[in-house]
Amino acid sequence: MKSKHLLLYTSLLLTTLLWSACSDRGPLAMFKKLSPHDQYGQRLIEAGLHKTALGNSWLSKANESVVKTLNITIPYQETGYFASDKIMATALKFDAKRGQMLRVAIRRKPILNFAIYADLMQVEENNETKVVASADTLGADINYEVKQTGKYILRLQPELLRGGEYTLTITAGPSLGFPVSNVGKPRIGSFWGDGRDADSRKHEGVDIFATKGSPAIATDPGTVNRVGENNLGGKVVFFRPEGRDYSLYYAHLDSQLVSDGQTLKAGDVIGLVGNTGNARTTPAHLHFGIYTNQGAVDPLPFIDRNIKQPLPVTAPLTNLNATVRNNSKSTIYTLPDPKSTGSPLSQHTPLTVDAATDGWYKVALPDGTAGFVRAKETASISPIRNLALKTDSPLYDKPDSTAAHKLTIDKGDKVDILGTYKNYFLVEYKDTTGWISSSR
């Protein structure tokens, strides 16, 4: 009977959402362009579903997940599961540098009838968040050029009453092409911030060493700002990539092969690598810098070709969306890294597995606290021992005496203990699972 009611409600919900999808108005759309996630949320509101427990929970979970983010480092990969009978969302926070191109890829199982809304948000100075990029519901990747170094959040949330498995991959690469041709076998040998002139000044760029006379090339289409010469840089060229708010600085050139105002395609030769200016006593190299209206910025994230790939998921996926318990005293960490901050877990703590990354599980404790545990330190839930109750005991749906209780277990009845958390036992009683006080 329950499944029939759920099927009927699903059909009614989808019909209502499709009917309201034609509207592009509403309180959110009046002021900003809505992401696909916000468009869906607006349709819930227009359909009046925000007044229902289900619709209100979906909207609340979206906001709650952004407040209760888990920290990660990129590159990162996880495989997780969104259950259709639960209101779920996940949000991950990480650092990104100006000039990086973030790529967010989400692969879904099943592909059809399982939409995941993905919003990439920038954390601003006041800790407010701003959506800077979104994935459409067809599963296209997010490719976003980072405009400001700082914290970013990726939120994933499926549609109501839709579920399935997903694999998320986040990587960071360069947003510009490399400024020296491969024929010169270029390598970066000096970095931003290195000391210069007895440490009286700092290096405002990177030095790319290459065979003298190697082509220095345009990273992207753009326009030559200025061709000139100065004491430090020798023969230099300033080049502005199309659509960018900064200029690229090519210095120590042996010769300049462009003129002021010239438009170039990506890969066009700007000049030849040399050692003019104050580099006369050093091997040939290109000093490459990036200048904004606020001054120089570190160019390495813009051109770094060393794109790191995330470690593959090795934790067993059979426990996704399942409850496991730690099989010994262990630790829950803030990152999937044993060097991160950790808190001890008592033996037999029940853990809900939301996702797997590398050899770790992303889990939630019974009180909702989230973190990472080593997958090898967990085991499937099974009875630890049985217990005859000394008094009548309410069976709670959470380890909290103020939580709703499912039923009352009579004095003398036996329960199977499945796990322990604080002052509560997770037990099974006549095919019903819940929590009882451990003092019973």
# chains A, B, ... in the order shown; residues from 1 in each chain; ligands from 1

call {"tool": "residues_around", "arguments": {"residues": "A:Leu70", "least_positions_apart": "4", "cutoff": "8 Å", "atoms": "only C-alpha atoms", "output": "list in words"}}
result
Ala91, Leu92, Lys93, Thr334, Leu335, Ala370 and Gly371 of chain A

call {"tool": "residues_around", "arguments": {"residues": "stretch 380-391 of chain A", "least_positions_apart": "2", "cutoff": "9 Å", "atoms": "only C-alpha atoms", "output": "VMD selection string"}}
result
chain A and resid 319 322 to 326 348 350 378 393 409 to 419 427 to 428 440

call {"tool": "atom_distance", "arguments": {"atom1": "atom CA of A:Lys130", "atom2": "atom CA of A:Gly99"}}
result
18.4 Å

call {"tool": "select_by_dssp", "arguments": {"residues": "stretch 288-322 of chain A", "states": "alpha helix (DSSP H)", "output": "JSON, numbers by chain"}}
result
{"A": [300, 301, 302, 303]}

call {"tool": "atom_distance", "arguments": {"atom1": "atom CA of A:Thr276", "atom2": "atom CA of A:Gly233"}}
result
6.9 Å

call {"tool": "residues_around", "arguments": {"residues": "A:Gly213", "least_positions_apart": "6", "cutoff": "7 Å", "atoms": "only C-alpha atoms", "output": "list of chain:residue names"}}
result
A:Asp254, A:Leu272, A:Val273, A:Gly274

call {"tool": "closest_residue", "arguments": {"among": "A:Tyr424, A:Asp304, A:Ser247, A:Leu161", "to": "A:Arg187", "atoms": "only C-alpha atoms"}}
result
A:Asp304

call {"tool": "residues_around", "arguments": {"residues": "A:Phe178", "least_positions_apart": "2", "cutoff": "8 Å", "atoms": "only C-alpha atoms", "output": "PDB file with N, CA and C atoms, in the first residue's frame"}}
result
ATOM      1  N   LEU A 176      45.008  29.067 -19.664  1.00  0.00           N
ATOM      2  CA  LEU A 176      45.686  29.581 -20.852  1.00  0.00           C
ATOM      3  C   LEU A 176      46.535  28.482 -21.473  1.00  0.00           C
ATOM      4  N   VAL A 180      55.446  28.929 -24.510  1.00  0.00           N
ATOM      5  CA  VAL A 180      56.659  28.570 -25.250  1.00  0.00           C
ATOM      6  C   VAL A 180      56.397  27.284 -26.025  1.00  0.00           C
ATOM      7  N   SER A 181      56.810  27.266 -27.280  1.00  0.00           N
ATOM      8  CA  SER A 181      56.607  26.096 -28.130  1.00  0.00           C
ATOM      9  C   SER A 181      57.332  24.880 -27.578  1.00  0.00           C
ATOM     10  N   ILE A 217      55.093  31.982 -27.870  1.00  0.00           N
ATOM     11  CA  ILE A 217      53.861  31.991 -28.656  1.00  0.00           C
ATOM     12  C   ILE A 217      52.687  32.577 -27.880  1.00  0.00           C
ATOM     13  N   THR A 219      49.289  32.513 -26.137  1.00  0.00           N
ATOM     14  CA  THR A 219      48.588  31.451 -25.422  1.00  0.00           C
ATOM     15  C   THR A 219      47.157  31.276 -25.925  1.00  0.00           C
ATOM     16  N   ILE A 303      49.019  28.582 -16.476  1.00  0.00           N
ATOM     17  CA  ILE A 303      49.720  27.848 -17.544  1.00  0.00           C
ATOM     18  C   ILE A 303      50.257  26.487 -17.118  1.00  0.00           C
ATOM     19  N   ASP A 304      50.050  26.118 -15.872  1.00  0.00           N
ATOM     20  CA  ASP A 304      50.632  24.869 -15.355  1.00  0.00           C
ATOM     21  C   ASP A 304      50.034  23.653 -16.069  1.00  0.00           C
ATOM     22  N   ARG A 305      50.877  22.952 -16.810  1.00  0.00           N
ATOM     23  CA  ARG A 305      50.405  21.798 -17.585  1.00  0.00           C
ATOM     24  C   ARG A 305      50.395  20.516 -16.771  1.00  0.00           C
TER      25      ARG A 305
END

call {"tool": "residues_around", "arguments": {"residues": "A:Leu54", "least_positions_apart": "6", "cutoff": "10 Å", "atoms": "only C-alpha atoms", "output": "ChimeraX atom specification"}}
result
/A:60,86-87,160-161

call {"tool": "residues_around", "arguments": {"residues": "stretch 353-355 of chain A", "least_positions_apart": "6", "cutoff": "8 Å", "atoms": "only C-alpha atoms", "output": "list in words"}}
result
Glu78, Thr79, Gly80, Tyr81, Phe82, Asn319, Leu320, Asn321, Ala322, Thr323, Val324, Tyr361, Lys362, Val363 and Ala364 of chain A

call {"tool": "write_last_selection", "arguments": {"atoms": "N, CA and C atoms", "output": "PDB file, in the first residue's frame"}}
result
ATOM      1  N   GLU A  78      34.669  11.007  -6.060  1.00  0.00           N
ATOM      2  CA  GLU A  78      33.870  10.183  -5.170  1.00  0.00           C
ATOM      3  C   GLU A  78      32.756   9.520  -5.959  1.00  0.00           C
ATOM      4  N   THR A  79      32.356   8.350  -5.488  1.00  0.00           N
ATOM      5  CA  THR A  79      31.169   7.675  -5.996  1.00  0.00           C
ATOM      6  C   THR A  79      30.179   7.602  -4.852  1.00  0.00           C
ATOM      7  N   GLY A  80      28.980   8.114  -5.110  1.00  0.00           N
ATOM      8  CA  GLY A  80      27.972   8.158  -4.061  1.00  0.00           C
ATOM      9  C   GLY A  80      26.630   7.671  -4.549  1.00  0.00           C
ATOM     10  N   TYR A  81      25.664   7.732  -3.647  1.00  0.00           N
ATOM     11  CA  TYR A  81      24.319   7.248  -3.985  1.00  0.00           C
ATOM     12  C   TYR A  81      23.297   8.170  -3.343  1.00  0.00           C
ATOM     13  N   PHE A  82      22.345   8.640  -4.155  1.00  0.00           N
ATOM     14  CA  PHE A  82      21.203   9.391  -3.658  1.00  0.00           C
ATOM     15  C   PHE A  82      19.994   8.460  -3.661  1.00  0.00           C
ATOM     16  N   ASN A 319      28.583  -0.846   0.050  1.00  0.00           N
ATOM     17  CA  ASN A 319      28.037  -0.237   1.272  1.00  0.00           C
ATOM     18  C   ASN A 319      27.433   1.141   1.044  1.00  0.00           C
ATOM     19  N   LEU A 320      27.377   1.610  -0.214  1.00  0.00           N
ATOM     20  CA  LEU A 320      26.761   2.912  -0.468  1.00  0.00           C
ATOM     21  C   LEU A 320      25.304   2.894  -0.026  1.00  0.00           C
ATOM     22  N   ASN A 321      24.905   3.943   0.656  1.00  0.00           N
ATOM     23  CA  ASN A 321      23.535   4.105   1.162  1.00  0.00           C
ATOM     24  C   ASN A 321      23.182   3.077   2.234  1.00  0.00           C
ATOM     25  N   ALA A 322      24.193   2.437   2.793  1.00  0.00           N
ATOM     26  CA  ALA A 322      23.964   1.439   3.841  1.00  0.00           C
ATOM     27  C   ALA A 322      24.516   1.956   5.171  1.00  0.00           C
ATOM     28  N   THR A 323      24.089   1.303   6.247  1.00  0.00           N
ATOM     29  CA  THR A 323      24.648   1.604   7.558  1.00  0.00           C
ATOM     30  C   THR A 323      25.689   0.545   7.892  1.00  0.00           C
ATOM     31  N   VAL A 324      26.883   0.982   8.247  1.00  0.00           N
ATOM     32  CA  VAL A 324      27.947   0.086   8.679  1.00  0.00           C
ATOM     33  C   VAL A 324      28.348   0.511  10.096  1.00  0.00           C
ATOM     34  N   TYR A 361      35.374   6.150   3.237  1.00  0.00           N
ATOM     35  CA  TYR A 361      33.940   6.384   3.139  1.00  0.00           C
ATOM     36  C   TYR A 361      33.635   7.791   3.657  1.00  0.00           C
ATOM     37  N   LYS A 362      32.770   8.471   2.935  1.00  0.00           N
ATOM     38  CA  LYS A 362      32.184   9.714   3.448  1.00  0.00           C
ATOM     39  C   LYS A 362      30.934   9.311   4.197  1.00  0.00           C
ATOM     40  N   VAL A 363      30.881   9.602   5.496  1.00  0.00           N
ATOM     41  CA  VAL A 363      29.836   9.029   6.352  1.00  0.00           C
ATOM     42  C   VAL A 363      29.140  10.109   7.166  1.00  0.00           C
ATOM     43  N   ALA A 364      27.998   9.733   7.705  1.00  0.00           N
ATOM     44  CA  ALA A 364      27.269  10.572   8.658  1.00  0.00           C
ATOM     45  C   ALA A 364      27.080   9.783   9.942  1.00  0.00           C
TER      46      ALA A 364
END

call {"tool": "residues_around", "arguments": {"residues": "A:His405", "least_positions_apart": "2", "cutoff": "12 Å", "atoms": "only C-alpha atoms", "output": "ChimeraX atom specification"}}
result
/A:393-403,407-409,432-437

call {"tool": "write_last_selection", "arguments": {"atoms": "N, CA and C atoms", "output": "mmCIF file, in the first residue's frame"}}
result
data_model
loop_
_atom_site.group_PDB
_atom_site.id
_atom_site.type_symbol
_atom_site.label_atom_id
_atom_site.label_comp_id
_atom_site.auth_asym_id
_atom_site.auth_seq_id
_atom_site.Cartn_x
_atom_site.Cartn_y
_atom_site.Cartn_z
ATOM 1 N N SER A 393 10.444 -0.156 27.119
ATOM 2 C CA SER A 393 11.365 0.792 26.484
ATOM 3 C C SER A 393 10.802 1.315 25.175
ATOM 4 N N PRO A 394 10.738 2.653 24.996
ATOM 5 C CA PRO A 394 10.356 3.195 23.690
ATOM 6 C C PRO A 394 11.483 2.980 22.681
ATOM 7 N N LEU A 395 11.086 2.692 21.437
ATOM 8 C CA LEU A 395 12.056 2.515 20.346
ATOM 9 C C LEU A 395 12.041 3.808 19.528
ATOM 10 N N TYR A 396 13.109 4.596 19.660
ATOM 11 C CA TYR A 396 13.182 5.895 19.007
ATOM 12 C C TYR A 396 13.717 5.753 17.579
ATOM 13 N N ASP A 397 13.383 6.740 16.719
ATOM 14 C CA ASP A 397 13.955 6.705 15.371
ATOM 15 C C ASP A 397 15.302 7.417 15.291
ATOM 16 N N LYS A 398 15.712 8.051 16.398
ATOM 17 C CA LYS A 398 17.030 8.683 16.496
ATOM 18 C C LYS A 398 17.561 8.460 17.909
ATOM 19 N N PRO A 399 18.870 8.561 18.115
ATOM 20 C CA PRO A 399 19.419 8.400 19.473
ATOM 21 C C PRO A 399 19.196 9.671 20.288
ATOM 22 N N ASP A 400 17.927 9.923 20.586
ATOM 23 C CA ASP A 400 17.540 11.162 21.264
ATOM 24 C C ASP A 400 16.187 10.915 21.936
ATOM 25 N N SER A 401 16.109 11.207 23.209
ATOM 26 C CA SER A 401 14.879 10.923 23.956
ATOM 27 C C SER A 401 13.726 11.825 23.533
ATOM 28 N N THR A 402 14.012 12.904 22.818
ATOM 29 C CA THR A 402 12.941 13.784 22.334
ATOM 30 C C THR A 402 12.486 13.390 20.927
ATOM 31 N N ALA A 403 13.117 12.378 20.346
ATOM 32 C CA ALA A 403 12.750 11.958 18.990
ATOM 33 C C ALA A 403 11.451 11.157 19.009
ATOM 34 N N LEU A 407 7.591 2.448 18.470
ATOM 35 C CA LEU A 407 6.758 1.512 19.235
ATOM 36 C C LEU A 407 7.364 1.380 20.626
ATOM 37 N N THR A 408 6.712 0.622 21.457
ATOM 38 C CA THR A 408 7.222 0.360 22.803
ATOM 39 C C THR A 408 7.533 -1.123 22.933
ATOM 40 N N ILE A 409 8.740 -1.413 23.415
ATOM 41 C CA ILE A 409 9.163 -2.793 23.611
ATOM 42 C C ILE A 409 8.865 -3.186 25.062
ATOM 43 N N THR A 432 12.042 -4.471 13.094
ATOM 44 C CA THR A 432 12.034 -3.006 13.162
ATOM 45 C C THR A 432 13.332 -2.542 13.820
ATOM 46 N N THR A 433 13.978 -1.566 13.192
ATOM 47 C CA THR A 433 15.259 -1.060 13.714
ATOM 48 C C THR A 433 15.051 0.321 14.312
ATOM 49 N N GLY A 434 15.678 0.593 15.441
ATOM 50 C CA GLY A 434 15.580 1.889 16.090
ATOM 51 C C GLY A 434 16.539 1.971 17.257
ATOM 52 N N TRP A 435 16.331 2.964 18.102
ATOM 53 C CA TRP A 435 17.274 3.245 19.194
ATOM 54 C C TRP A 435 16.564 3.122 20.544
ATOM 55 N N ILE A 436 17.282 2.553 21.515
ATOM 56 C CA ILE A 436 16.801 2.529 22.893
ATOM 57 C C ILE A 436 17.899 3.055 23.808
ATOM 58 N N SER A 437 17.493 3.541 24.949
ATOM 59 C CA SER A 437 18.483 4.011 25.924
ATOM 60 C C SER A 437 19.299 2.834 26.426
#

call {"tool": "closest_residue", "arguments": {"among": "A:Phe288, A:Tyr249, A:Tyr152, A:Tyr421", "to": "A:Asp207", "atoms": "only C-alpha atoms"}}
result
A:Phe288

call {"tool": "atom_distance", "arguments": {"atom1": "atom CA of A:Arg280", "atom2": "atom CA of A:Gln262"}}
result
28.2 Å

call {"tool": "closest_residue", "arguments": {"among": "A:Ile74, A:Ala210, A:Val313, A:Ala53", "to": "A:Pro283", "atoms": "only C-alpha atoms"}}
result
A:Ala210

call {"tool": "closest_residue", "arguments": {"among": "A:Ile290, A:Ala47, A:Leu311, A:Ala279", "to": "A:Thr171", "atoms": "only C-alpha atoms"}}
result
A:Leu311
